[in-house]
Each structure stands twice: as C-alpha cells, then as structure tokens.
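J.: Following this line is coords.txt, made up of compact mmCIF, C-alpha atoms (C1' of nucleotides):
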# COMPACT_ATOMS: atom_id res chain seq x y z
CA MET A 1 119.27 180.44 63.63
CA LYS A 2 122.15 182.51 64.86
CA LYS A 3 125.33 181.48 66.52
CA LEU A 4 125.85 182.92 69.98
CA GLU A 5 128.87 183.18 72.13
CA PRO A 6 128.56 180.78 75.04
CA ARG A 7 128.78 183.64 77.51
CA ASP A 8 125.44 184.84 76.22
CA LEU A 9 123.71 182.01 77.97
CA SER A 10 125.89 182.19 80.99
CA ARG A 11 123.44 182.11 83.80
CA ASP A 12 119.72 181.70 83.79
CA GLN A 13 119.27 180.98 80.12
CA CYS A 14 121.36 177.84 79.82
CA PRO A 15 119.48 174.53 79.80
CA VAL A 16 122.16 172.90 81.92
CA MET A 17 121.84 175.65 84.50
CA LYS A 18 118.07 175.47 84.43
CA THR A 19 118.06 171.73 84.87
CA ILE A 20 120.49 171.98 87.75
CA SER A 21 118.27 174.59 89.37
CA THR A 22 115.33 172.22 89.03
CA VAL A 23 116.80 168.86 89.97
CA GLY A 24 120.41 169.55 90.96
CA ASP A 25 119.83 168.68 94.55
CA ARG A 26 121.28 165.77 96.41
CA TRP A 27 117.94 164.62 97.74
CA ILE A 28 115.84 165.19 94.65
CA LEU A 29 118.14 163.08 92.51
CA LEU A 30 118.15 160.33 95.09
CA ILE A 31 114.37 160.37 95.43
CA LEU A 32 114.22 160.02 91.66
CA ARG A 33 116.48 156.99 91.86
CA GLU A 34 114.07 155.46 94.35
CA CYS A 35 111.17 156.19 92.01
CA PHE A 36 112.94 154.49 89.11
CA LEU A 37 113.54 151.49 91.36
CA GLY A 38 109.79 151.36 91.89
CA PHE A 39 109.31 152.87 95.33
CA LYS A 40 106.35 155.15 95.83
CA ARG A 41 105.67 155.82 99.47
CA PHE A 42 106.91 158.35 102.01
CA ASP A 43 108.29 155.73 104.32
CA ASP A 44 110.03 153.88 101.51
CA PHE A 45 111.96 157.02 100.68
CA HIS A 46 112.61 157.73 104.33
CA ASP A 47 113.86 154.25 105.13
CA ASN A 48 115.92 153.78 101.98
CA LEU A 49 117.58 157.16 101.88
CA GLY A 50 117.94 157.95 105.56
CA VAL A 51 116.73 161.48 104.98
CA SER A 52 114.93 163.24 107.82
CA THR A 53 111.16 163.38 107.56
CA SER A 54 111.10 167.16 107.53
CA VAL A 55 113.47 167.43 104.60
CA LEU A 56 111.74 164.60 102.78
CA SER A 57 108.40 166.34 103.16
CA ILE A 58 109.80 169.56 101.72
CA LYS A 59 111.56 167.81 98.86
CA LEU A 60 108.51 165.80 97.82
CA ASN A 61 106.36 168.92 97.75
CA THR A 62 109.03 170.78 95.80
CA MET A 63 109.16 167.96 93.28
CA ILE A 64 105.38 168.07 92.93
CA ASP A 65 105.48 171.85 92.46
CA ARG A 66 108.10 171.43 89.77
CA GLY A 67 106.07 168.84 87.91
CA LEU A 68 108.32 165.85 88.57
CA LEU A 69 105.91 163.87 90.76
CA TYR A 70 102.22 163.73 91.48
CA ARG A 71 100.42 162.46 94.53
CA LYS A 72 97.90 159.72 94.03
CA GLN A 73 95.41 158.50 96.57
CA TYR A 74 94.63 154.83 96.75
CA ARG A 75 92.88 152.52 99.13
CA ASN A 76 93.41 148.84 99.80
CA GLU A 77 90.48 146.65 100.79
CA GLY A 78 89.16 147.69 104.16
CA ARG A 79 92.08 149.91 104.95
CA ARG A 80 92.22 153.63 105.14
CA SER A 81 93.38 155.59 102.16
CA ARG A 82 97.03 156.24 101.44
CA PHE A 83 99.02 158.45 99.19
CA GLU A 84 101.70 157.45 96.81
CA TYR A 85 104.11 159.52 94.81
CA ARG A 86 104.40 158.78 91.13
CA LEU A 87 106.62 160.10 88.39
CA THR A 88 105.09 162.42 85.83
CA GLY A 89 106.24 162.16 82.23
CA MET A 90 108.62 165.00 82.88
CA GLY A 91 109.98 163.22 85.92
CA TRP A 92 110.32 159.96 84.07
CA ASP A 93 112.38 161.68 81.39
CA LEU A 94 115.04 162.33 83.99
CA ILE A 95 115.99 158.68 83.87
CA LYS A 96 118.75 159.48 81.40
CA VAL A 97 120.28 161.89 83.90
CA VAL A 98 120.15 159.32 86.68
CA ILE A 99 121.55 156.62 84.41
CA ALA A 100 124.39 158.91 83.33
CA LEU A 101 125.26 159.56 86.98
CA MET A 102 125.00 155.85 87.70
CA GLU A 103 127.22 154.76 84.82
CA TRP A 104 129.89 157.28 85.74
CA GLY A 105 129.81 156.23 89.37
CA ASN A 106 130.04 152.55 88.51
CA GLU A 107 133.02 153.22 86.28
CA HIS A 108 134.98 155.70 88.35
CA LEU A 109 133.95 155.51 91.97
CA ILE A 110 133.05 151.93 92.73
CA LYS A 111 135.91 149.82 94.00
CA LYS A 112 136.26 146.18 93.16
CA GLY A 113 134.04 144.01 95.25
CA GLU A 114 131.52 146.72 95.92
CA PRO A 115 128.02 146.30 94.54
CA THR A 116 127.03 148.30 91.49
CA LEU A 117 123.62 149.43 90.38
CA ASP A 118 123.03 148.40 86.80
CA ILE A 119 120.29 148.63 84.26
CA LEU A 120 119.12 145.78 82.13
CA GLU A 121 116.50 145.24 79.49
CA ARG A 122 113.49 143.74 81.17
CA GLY A 123 112.76 141.27 78.41
CA THR A 124 116.18 140.05 77.36
CA GLY A 125 118.20 140.73 80.52
CA GLN A 126 120.82 142.35 78.35
CA ASP A 127 123.07 145.07 79.64
CA THR A 128 122.33 148.44 78.14
CA LYS A 129 124.41 151.63 78.08
CA LEU A 130 123.94 155.28 77.16
CA GLN A 131 125.40 156.29 73.82
CA LEU A 132 125.17 159.25 71.50
CA ILE A 133 123.33 158.44 68.31
CA ASN A 134 123.24 160.69 65.25
CA GLU A 135 120.35 161.29 62.86
CA GLU A 136 121.25 158.30 60.75
CA GLY A 137 121.32 155.97 63.74
CA GLY A 138 125.10 155.75 63.94
CA ARG A 139 127.21 156.17 67.04
CA THR A 140 128.91 159.48 67.57
CA ASP A 141 132.42 159.29 68.94
CA TRP A 142 133.00 161.53 71.92
CA TYR A 143 135.91 163.34 70.35
CA GLU A 144 133.66 164.24 67.43
CA LEU A 145 131.40 166.35 69.58
CA LYS A 146 130.76 170.01 69.15
CA LEU A 147 128.53 171.98 71.47
CA ARG A 148 126.75 174.88 69.94
CA VAL A 149 124.31 177.52 71.03
CA ILE A 150 121.27 177.67 68.80
CA GLU A 151 118.83 180.54 68.76
CA LYS A 152 115.47 179.44 67.46
CA MET B 1 126.47 137.72 91.53
CA LYS B 2 123.78 138.12 94.10
CA LYS B 3 120.69 140.19 94.06
CA LEU B 4 120.41 142.76 96.79
CA GLU B 5 117.54 144.78 98.03
CA PRO B 6 117.92 148.36 96.91
CA ARG B 7 117.94 149.57 100.48
CA ASP B 8 121.26 147.83 100.94
CA LEU B 9 122.99 150.51 98.93
CA SER B 10 121.03 153.29 100.45
CA ARG B 11 123.63 155.83 101.27
CA ASP B 12 127.33 155.80 100.68
CA GLN B 13 127.48 152.67 98.57
CA CYS B 14 125.26 153.71 95.71
CA PRO B 15 126.98 154.90 92.53
CA VAL B 16 124.35 157.59 92.00
CA MET B 17 124.92 158.90 95.51
CA LYS B 18 128.69 158.74 95.09
CA THR B 19 128.57 160.60 91.81
CA ILE B 20 126.31 163.25 93.28
CA SER B 21 128.72 163.66 96.19
CA THR B 22 131.55 164.13 93.71
CA VAL B 23 130.01 166.36 91.06
CA GLY B 24 126.51 167.15 92.27
CA ASP B 25 127.26 170.78 92.81
CA ARG B 26 125.83 173.68 90.89
CA TRP B 27 129.21 175.21 90.17
CA ILE B 28 131.12 172.04 89.40
CA LEU B 29 128.63 170.99 86.77
CA LEU B 30 128.70 174.43 85.19
CA ILE B 31 132.48 174.54 85.16
CA LEU B 32 132.38 171.19 83.41
CA ARG B 33 130.03 172.66 80.81
CA GLU B 34 132.56 175.43 80.20
CA CYS B 35 135.33 172.86 79.83
CA PHE B 36 133.31 170.94 77.25
CA LEU B 37 132.76 174.20 75.37
CA GLY B 38 136.54 174.54 75.24
CA PHE B 39 137.30 177.10 77.93
CA LYS B 40 140.38 176.55 80.07
CA ARG B 41 141.31 179.62 82.06
CA PHE B 42 140.31 181.02 85.42
CA ASP B 43 139.02 184.24 83.94
CA ASP B 44 137.03 182.45 81.26
CA PHE B 45 135.14 180.56 83.95
CA HIS B 46 134.77 183.68 86.03
CA ASP B 47 133.46 185.82 83.17
CA ASN B 48 131.20 183.20 81.64
CA LEU B 49 129.63 181.89 84.82
CA GLY B 50 129.53 185.01 86.98
CA VAL B 51 130.81 183.03 89.94
CA SER B 52 132.82 184.86 92.57
CA THR B 53 136.57 184.39 92.43
CA SER B 54 136.71 182.93 95.91
CA VAL B 55 134.19 180.23 95.14
CA LEU B 56 135.74 179.56 91.74
CA SER B 57 139.11 179.07 93.33
CA ILE B 58 137.73 176.58 95.81
CA LYS B 59 135.74 174.69 93.18
CA LEU B 60 138.67 174.37 90.77
CA ASN B 61 140.88 173.01 93.52
CA THR B 62 138.17 170.64 94.61
CA MET B 63 137.80 169.40 91.07
CA ILE B 64 141.55 168.85 90.83
CA ASP B 65 141.54 166.98 94.14
CA ARG B 66 138.75 164.78 92.86
CA GLY B 67 140.59 163.98 89.64
CA LEU B 68 138.28 165.82 87.25
CA LEU B 69 140.74 168.50 86.15
CA TYR B 70 144.47 169.02 86.09
CA ARG B 71 146.43 172.25 86.04
CA LYS B 72 148.84 172.73 83.17
CA GLN B 73 151.44 175.44 82.96
CA TYR B 74 152.15 177.03 79.62
CA ARG B 75 154.03 180.06 78.35
CA ASN B 76 153.44 182.11 75.25
CA GLU B 77 156.41 183.78 73.51
CA GLY B 78 157.94 186.41 75.77
CA ARG B 79 155.07 186.35 78.25
CA ARG B 80 155.00 185.06 81.73
CA SER B 81 153.72 181.61 82.38
CA ARG B 82 150.04 180.89 82.85
CA PHE B 83 147.97 178.04 84.06
CA GLU B 84 145.14 176.35 82.34
CA TYR B 85 142.66 173.81 83.59
CA ARG B 86 142.11 170.74 81.51
CA LEU B 87 139.77 167.81 81.79
CA THR B 88 141.20 164.48 82.87
CA GLY B 89 139.81 161.33 81.28
CA MET B 90 137.58 160.93 84.30
CA GLY B 91 136.36 164.51 83.88
CA TRP B 92 135.78 164.06 80.20
CA ASP B 93 133.63 161.01 80.88
CA LEU B 94 131.15 163.27 82.65
CA ILE B 95 130.06 164.63 79.30
CA LYS B 96 127.18 162.15 79.24
CA VAL B 97 125.91 163.59 82.52
CA VAL B 98 126.09 167.15 81.21
CA ILE B 99 124.45 166.16 77.95
CA ALA B 100 121.65 164.39 79.80
CA LEU B 101 121.03 167.54 81.86
CA MET B 102 121.15 169.63 78.71
CA GLU B 103 118.74 167.48 76.73
CA TRP B 104 116.24 167.46 79.55
CA GLY B 105 116.50 171.22 80.00
CA ASN B 106 116.07 171.83 76.29
CA GLU B 107 112.99 169.64 76.24
CA HIS B 108 111.24 170.67 79.42
CA LEU B 109 112.49 174.05 80.57
CA ILE B 110 113.30 176.10 77.49
CA LYS B 111 110.43 178.18 76.21
CA LYS B 112 109.87 178.83 72.54
CA GLY B 113 112.13 181.52 71.23
CA GLU B 114 114.80 180.99 73.84
CA PRO B 115 118.20 179.77 72.72
CA THR B 116 119.09 176.14 73.34
CA LEU B 117 122.47 174.53 73.75
CA ASP B 118 122.82 171.62 71.37
CA ILE B 119 125.40 169.09 70.43
CA LEU B 120 126.36 168.20 66.93
CA GLU B 121 128.79 165.88 65.26
CA ARG B 122 131.82 167.91 64.36
CA GLY B 123 132.31 166.32 60.96
CA THR B 124 128.79 165.94 59.64
CA GLY B 125 126.98 168.66 61.60
CA GLN B 126 124.29 166.13 62.41
CA ASP B 127 122.22 166.35 65.54
CA THR B 128 123.02 163.63 68.04
CA LYS B 129 121.06 162.39 71.07
CA LEU B 130 121.61 160.12 74.04
CA GLN B 131 120.02 156.71 73.75
CA LEU B 132 120.22 153.43 75.56
CA ILE B 133 121.85 150.72 73.48
CA ASN B 134 121.83 147.04 74.37
CA GLU B 135 124.60 144.50 73.85
CA GLU B 136 123.48 143.73 70.32
CA GLY B 137 123.50 147.38 69.32
CA GLY B 138 119.73 147.80 69.43
CA ARG B 139 117.82 150.58 71.12
CA THR B 140 116.27 149.87 74.48
CA ASP B 141 112.86 151.36 75.04
CA TRP B 142 112.54 153.24 78.28
CA TYR B 143 109.61 151.20 79.53
CA GLU B 144 111.71 148.09 79.09
CA LEU B 145 114.16 149.16 81.74
CA LYS B 146 114.93 147.32 84.90
CA LEU B 147 117.34 148.61 87.49
CA ARG B 148 119.14 146.01 89.46
CA VAL B 149 121.72 145.89 92.18
CA ILE B 150 124.62 143.64 91.28
CA GLU B 151 127.18 142.39 93.74
CA LYS B 152 130.40 141.44 92.03
C1' DC C 1 146.68 188.44 85.49
C1' DG C 2 145.56 184.72 88.37
C1' DG C 3 144.34 183.75 92.11
C1' DT C 4 143.71 183.29 98.03
C1' DA C 5 141.92 184.87 102.74
C1' DT C 6 138.35 186.84 105.52
C1' DC C 7 133.85 188.12 106.76
C1' DC C 8 128.93 187.78 106.74
C1' DC C 9 124.60 186.05 105.53
C1' DG C 10 121.02 182.94 103.59
C1' DT C 11 119.75 178.34 102.85
C1' DG C 12 119.88 173.27 103.56
C1' DT C 13 119.75 169.78 107.00
C1' DG C 14 118.82 166.85 111.04
C1' DA C 15 116.64 166.30 115.63
C1' DT C 16 112.74 166.63 117.93
C1' DA C 17 108.08 167.29 118.82
C1' DC C 18 103.54 167.27 117.22
C1' DT C 19 98.95 166.19 114.34
C1' DG C 20 95.12 163.55 112.02
C1' DC D 1 101.06 155.49 109.22
C1' DA D 2 101.95 159.76 106.85
C1' DG D 3 103.31 163.44 107.28
C1' DT D 4 104.07 169.01 109.21
C1' DA D 5 106.22 172.57 112.39
C1' DT D 6 109.92 174.43 114.89
C1' DC D 7 114.50 175.09 116.14
C1' DA D 8 119.59 175.08 116.02
C1' DC D 9 123.47 174.65 113.33
C1' DA D 10 126.78 173.89 109.49
C1' DC D 11 127.84 174.98 105.04
C1' DG D 12 127.75 177.33 100.53
C1' DG D 13 128.11 181.59 98.40
C1' DG D 14 128.99 186.55 97.38
C1' DA D 15 131.55 190.85 98.54
C1' DT D 16 135.61 192.59 99.56
C1' DA D 17 140.31 193.01 100.35
C1' DC D 18 144.66 191.33 99.56
C1' DC D 19 148.99 188.86 97.35
C1' DG D 20 152.73 187.37 93.87
Do you think you could lay out the structure here as structure tokens?
T.:
Amino acid sequence: MKKLEPRDLSRDQCPVMKTISTVGDRWILLILRECFLGFKRFDDFHDNLGVSTSVLSIKLNTMIDRGLLYRKQYRNEGRRSRFEYRLTGMGWDLIKVVIALMEWGNEHLIKKGEPTLDILERGTGQDTKLQLINEEGGRTDWYELKLRVIEK
Amino acid sequence: MKKLEPRDLSRDQCPVMKTISTVGDRWILLILRECFLGFKRFDDFHDNLGVSTSVLSIKLNTMIDRGLLYRKQYRNEGRRSRFEYRLTGMGWDLIKVVIALMEWGNEHLIKKGEPTLDILERGTGQDTKLQLINEEGGRTDWYELKLRVIEK
DNA sequence: CGGTATCCCGTGTGATACTG
DNA sequence: CAGTATCACACGGGATACCG
C-alpha cells in the first residue's frame, strides 16, 4: 500500500472519473431515478422524462451494455409479450449516487413551496439521510475527512 | 403535504434533475474532486485534470456563478497577488455526491491491482462509508427504501 | 503566471418517419 | 405498443493564439 500523488490518477484511473464516464449523463441518471421509483417500461420513461424516443432507445441500450439494466420479457394473460427494463445489482447500487444528488438538490435548489422528492423507510415511514459511518459505526464529521489514494 | 405522481416533477422541478443541471458535468465534478483533495489554483486543476485552459476557465466561472466556488485573492511576501478558488458551503456539501460516485467506482469499475481513491477519518485513520441513517440513528436497509414526492 | 478569445470538430439531442 | 433509423443542429471540448 503506497501513497500516490493525486495527479497520478488524474484521468482514466480515478474511480470518480470512471463512474462519471459510465453514468455521468443527464439521461442515464434520470432513467435511474425512474427505475428507483419503480418504473420499468419504455413508455414510462418516455412520458415521465420527456426524452425523445431515439435518445431513450440509445440510452437504454447503453445502460444494458454497461451492466446497469437488463431487459426482461414478460407476458400478461392473453396479451402479446412485452419487455421491461430492470436494474441489475450494479445498477441498484447507484441509488446512493441518486440519493446524494437528490438530497443536495432538495437542500440547495428547491425553493419554498416547491415539491421535493424524499426517501423514507418503507416500514416505519421515517425520514432517512446519507451519512458517513466509520468502522466502529460512529458518524464521521465532514471536516474530519481525508481523501487518500491507495494502491492495492 | 400531498402525494404527487412522480410524473408531476418530470423535468425542471425534480431535485435530481436540478442538481444534474447544476453539477452534472464531467469537468465540474472532477474540479470538485480536486477541491476536496485540497487543490485551489488554476494550474493545479489544469495539471491534474489535463483539461484545456479554455474549458477550465469557463468551468471555473460557471461554478462561481452557480455558487459552488468563490475566488479569493491572496499575496505572498514580495510576490504579486494571486487568486485561488475555494469551495463555498454549497460546494462543500457536494462531497456526498463525489463520495457516492467514488464508492461506486471503487466497487464496480476498479480492477484488482489498480489504485483506488478512498476516504478516511483524519484523526483515527479509519475507513468510512456512506450509509442511510433513519431518524432514530439506525441504518436503513436498501430494500426498505421508498421514494416519495412531497409537496410542502 | 493566470487566465481569455477564436476556431474547428465530434458528439448529444430532438423531430420526424418508419417497422413489427 | 415498443421501439429503430435518419437527419439537422446546437453545444461541449481541445488546440491554438493571445493578453495583463
């Protein structure tokens, strides 16, 4: 384990950069939000996001290629078969990214009186927020943070 | 407090969309990463990120306009004055977004043997991770989540 | 050193038309 | 309904030159 200068992971090596290259796209992040809200079908995404069908088609296929979604065929009684788009485990793990974006937006960009999008615990209905937790289960204060490059 | 259909905050009203419009830019997120690592000067950003000076100039000004950074003049003994770019409170609050991107990248995109970027507690050196915490201080399991639109 | 202005090109995006 | 194909256009981005 060796300490690197941050410039050593300047471009392609940095996990932040890699993640941005994978999901740092206006439409991909918004499609993910729709998935977390429970939507699964092409027209749901189209209607809710107002994205053009051509772009939506490209984005969904890109997300499948990148392992964020998979396409699942299903058939309702007596109807023809349909496809739905479901989150993979990797895609589901992006919920922390979407929640972080959501919390920041609620705090800094939403004016009074405007609706917010919030997350609650399903069972208790309690509000729940992202926090940094250390190995002992305690909260880490933000000013106590130190970012470090670790070479395995 | 009234429940809305998610489609009601389809475009400009949604906090996720607003946040993406504000910071959902490859360069802005990476400049933020540099700020969290402690860098402050134009040439630091330029050298570390490999971004062209023209784009960097535009992005820094955009970030100032959007309230993420401010420019501070300083002067070392007998030298001419310089500017540095510092995070505002609003900019600093984006650290959860950057950490979420980083954690996901470390988990899903970094191959064995490649360096990762990690965060530690400054005092204890302990590893620290983002988690969802409910009102009583307990952890929320991811499958217990429910996103809901709240009108104030 | 610390930037800004200009040019040029590739990509992202929406509109529209089309297919099974 | 569930998409794909094509086209036209705006915008982001790098290279380069320039400025105080």
J.: Between CA of Glu136 (chain B) and CA of Leu120 (chain A), what is the distance in Å, rounded to a tenth?
T.: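 Atom-to-atom, CA of Glu136 (chain B) to CA of Leu120 (chain A), that is 12.8 Å.
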J.: Do a neighbour search on DG3 (chain D) at 10 Å with all atoms listed in the file, toss out local chain neighbours closer than 4 positions, and write the hits as a VMD selection string.
T.: (chain A and resid 42 to 43 53 to 54 56 to 57) or (chain C and resid 19 to 20)
J.: Filtering to C-alpha atoms (C1' of nucleotides), could you give me those residues as a CSV table (one decimal), in the frame of the given file?
T.:
chain,number,residue,atom,x,y,z
A,42,PHE,CA,106.9,158.4,102.0
A,43,ASP,CA,108.3,155.7,104.3
A,53,THR,CA,111.2,163.4,107.6
A,54,SER,CA,111.1,167.2,107.5
A,56,LEU,CA,111.7,164.6,102.8
A,57,SER,CA,108.4,166.3,103.2
C,19,DT,C1',99.0,166.2,114.3
C,20,DG,C1',95.1,163.6,112.0
J.: Within 12 Å of chain A, which residues of chain D are there when counting all atoms listed in the file? Please give them as number ranges by chain.
T.: D: 1-6
J.: Looking at B:Lys40, B:His46, B:Arg75, B:Lys59, which one is nearest to chain A, with distances taken over all atoms listed in the file?
T.: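 Result for the nearest residue to chain A: B:His46.
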J.: Which one of B:Asn48, B:Thr140, B:Ser81, B:Gln13 sits closest to DC1 (chain C) if you count all atoms listed in the file?
T.: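 For DC1 (chain C), the nearest of the given residues is B:Ser81.
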J.: Return as a Markdown table the residues of chain C lying at most 12 Å from chain B, together with the closest atom-to-atom pair for each and the distance in Å to one decimal, counting all atoms listed in the file, with rows in chain order and ascending residue number.
T.:
| residue | atom | partner | partner_atom | distance |
| --- | --- | --- | --- | --- |
| C:DC1 | C1' | B:Arg82 | CA | 8.7 |
| C:DG2 | C1' | B:Phe42 | CA | 7.1 |
| C:DG3 | C1' | B:Ser57 | CA | 7.1 |
| C:DT4 | C1' | B:Ser54 | CA | 7.3 |
| C:DA5 | C1' | B:Ser54 | CA | 8.8 |
| C:DT6 | C1' | B:Ser54 | CA | 10.5 |
J.: Neighbouring residues of region 102-109 of chain B were defined as those with any atom within 12 Å, considering all atoms listed in the file; residues of the same chain fewer than 6 positions away were excluded. Please report them as a ChimeraX atom specification.
T.: /A:12-24,66-68,89-98,132,147-152 /B:29-30,33,95-96,115-119,127-131
J.: Keeping only C-alpha atoms, take the residues you just selected and write them out as a PDB file, in the frame of the given file.
T.:
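File out-v9.pdb, as written:
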ATOM      1  CA  ASP A  12     119.720 181.700  83.790  1.00  0.00           C
ATOM      2  CA  GLN A  13     119.270 180.980  80.120  1.00  0.00           C
ATOM      3  CA  CYS A  14     121.360 177.840  79.820  1.00  0.00           C
ATOM      4  CA  PRO A  15     119.480 174.530  79.800  1.00  0.00           C
ATOM      5  CA  VAL A  16     122.160 172.900  81.920  1.00  0.00           C
ATOM      6  CA  MET A  17     121.840 175.650  84.500  1.00  0.00           C
ATOM      7  CA  LYS A  18     118.070 175.470  84.430  1.00  0.00           C
ATOM      8  CA  THR A  19     118.060 171.730  84.870  1.00  0.00           C
ATOM      9  CA  ILE A  20     120.490 171.980  87.750  1.00  0.00           C
ATOM     10  CA  SER A  21     118.270 174.590  89.370  1.00  0.00           C
ATOM     11  CA  THR A  22     115.330 172.220  89.030  1.00  0.00           C
ATOM     12  CA  VAL A  23     116.800 168.860  89.970  1.00  0.00           C
ATOM     13  CA  GLY A  24     120.410 169.550  90.960  1.00  0.00           C
ATOM     14  CA  ARG A  66     108.100 171.430  89.770  1.00  0.00           C
ATOM     15  CA  GLY A  67     106.070 168.840  87.910  1.00  0.00           C
ATOM     16  CA  LEU A  68     108.320 165.850  88.570  1.00  0.00           C
ATOM     17  CA  GLY A  89     106.240 162.160  82.230  1.00  0.00           C
ATOM     18  CA  MET A  90     108.620 165.000  82.880  1.00  0.00           C
ATOM     19  CA  GLY A  91     109.980 163.220  85.920  1.00  0.00           C
ATOM     20  CA  TRP A  92     110.320 159.960  84.070  1.00  0.00           C
ATOM     21  CA  ASP A  93     112.380 161.680  81.390  1.00  0.00           C
ATOM     22  CA  LEU A  94     115.040 162.330  83.990  1.00  0.00           C
ATOM     23  CA  ILE A  95     115.990 158.680  83.870  1.00  0.00           C
ATOM     24  CA  LYS A  96     118.750 159.480  81.400  1.00  0.00           C
ATOM     25  CA  VAL A  97     120.280 161.890  83.900  1.00  0.00           C
ATOM     26  CA  VAL A  98     120.150 159.320  86.680  1.00  0.00           C
ATOM     27  CA  LEU A 132     125.170 159.250  71.500  1.00  0.00           C
ATOM     28  CA  LEU A 147     128.530 171.980  71.470  1.00  0.00           C
ATOM     29  CA  ARG A 148     126.750 174.880  69.940  1.00  0.00           C
ATOM     30  CA  VAL A 149     124.310 177.520  71.030  1.00  0.00           C
ATOM     31  CA  ILE A 150     121.270 177.670  68.800  1.00  0.00           C
ATOM     32  CA  GLU A 151     118.830 180.540  68.760  1.00  0.00           C
ATOM     33  CA  LYS A 152     115.470 179.440  67.460  1.00  0.00           C
TER      34      LYS A 152
ATOM     35  CA  LEU B  29     128.630 170.990  86.770  1.00  0.00           C
ATOM     36  CA  LEU B  30     128.700 174.430  85.190  1.00  0.00           C
ATOM     37  CA  ARG B  33     130.030 172.660  80.810  1.00  0.00           C
ATOM     38  CA  ILE B  95     130.060 164.630  79.300  1.00  0.00           C
ATOM     39  CA  LYS B  96     127.180 162.150  79.240  1.00  0.00           C
ATOM     40  CA  PRO B 115     118.200 179.770  72.720  1.00  0.00           C
ATOM     41  CA  THR B 116     119.090 176.140  73.340  1.00  0.00           C
ATOM     42  CA  LEU B 117     122.470 174.530  73.750  1.00  0.00           C
ATOM     43  CA  ASP B 118     122.820 171.620  71.370  1.00  0.00           C
ATOM     44  CA  ILE B 119     125.400 169.090  70.430  1.00  0.00           C
ATOM     45  CA  ASP B 127     122.220 166.350  65.540  1.00  0.00           C
ATOM     46  CA  THR B 128     123.020 163.630  68.040  1.00  0.00           C
ATOM     47  CA  LYS B 129     121.060 162.390  71.070  1.00  0.00           C
ATOM     48  CA  LEU B 130     121.610 160.120  74.040  1.00  0.00           C
ATOM     49  CA  GLN B 131     120.020 156.710  73.750  1.00  0.00           C
TER      50      GLN B 131
END
J.: For Lys72 (chain B), please output as a ChimeraX atom specification all residues within 7 Å (counting only C-alpha atoms (C1' of nucleotides); exclusion window: fewer than 2 positions along the same chain).
T.: /B:70,74,83-85
J.: Within 12 Å of region 7-16 of chain D, counting only C-alpha atoms (C1' of nucleotides), which residues show up once you throw out same-chain ones fewer than 6 positions away? Write them as a PDB file with C-alpha atoms (C1' of nucleotides), in the coordinates of the input, please.
T.:
ATOM      1  CA  ASP B  25     127.260 170.780  92.810  1.00  0.00           C
ATOM      2  CA  ARG B  26     125.830 173.680  90.890  1.00  0.00           C
ATOM      3  CA  TRP B  27     129.210 175.210  90.170  1.00  0.00           C
ATOM      4  CA  GLY B  50     129.530 185.010  86.980  1.00  0.00           C
ATOM      5  CA  VAL B  51     130.810 183.030  89.940  1.00  0.00           C
ATOM      6  CA  SER B  52     132.820 184.860  92.570  1.00  0.00           C
ATOM      7  CA  THR B  53     136.570 184.390  92.430  1.00  0.00           C
ATOM      8  CA  SER B  54     136.710 182.930  95.910  1.00  0.00           C
ATOM      9  CA  VAL B  55     134.190 180.230  95.140  1.00  0.00           C
ATOM     10  CA  LEU B  56     135.740 179.560  91.740  1.00  0.00           C
ATOM     11  CA  ILE B  58     137.730 176.580  95.810  1.00  0.00           C
ATOM     12  CA  LYS B  59     135.740 174.690  93.180  1.00  0.00           C
TER      13      LYS B  59
ATOM     14  C1'  DA C   5     141.920 184.870 102.740  1.00  0.00           C
ATOM     15  C1'  DT C   6     138.350 186.840 105.520  1.00  0.00           C
ATOM     16  C1'  DC C   7     133.850 188.120 106.760  1.00  0.00           C
ATOM     17  C1'  DC C   8     128.930 187.780 106.740  1.00  0.00           C
ATOM     18  C1'  DC C   9     124.600 186.050 105.530  1.00  0.00           C
ATOM     19  C1'  DG C  10     121.020 182.940 103.590  1.00  0.00           C
ATOM     20  C1'  DT C  11     119.750 178.340 102.850  1.00  0.00           C
ATOM     21  C1'  DG C  12     119.880 173.270 103.560  1.00  0.00           C
ATOM     22  C1'  DT C  13     119.750 169.780 107.000  1.00  0.00           C
ATOM     23  C1'  DG C  14     118.820 166.850 111.040  1.00  0.00           C
ATOM     24  C1'  DA C  15     116.640 166.300 115.630  1.00  0.00           C
ATOM     25  C1'  DT C  16     112.740 166.630 117.930  1.00  0.00           C
ATOM     26  C1'  DA C  17     108.080 167.290 118.820  1.00  0.00           C
TER      27       DA C  17
END
J.: Report, in Å with one decimal, the straight-line distance from CA of Arg122 (chain A) to CA of Glu34 (chain A).
T.: 17.6 Å
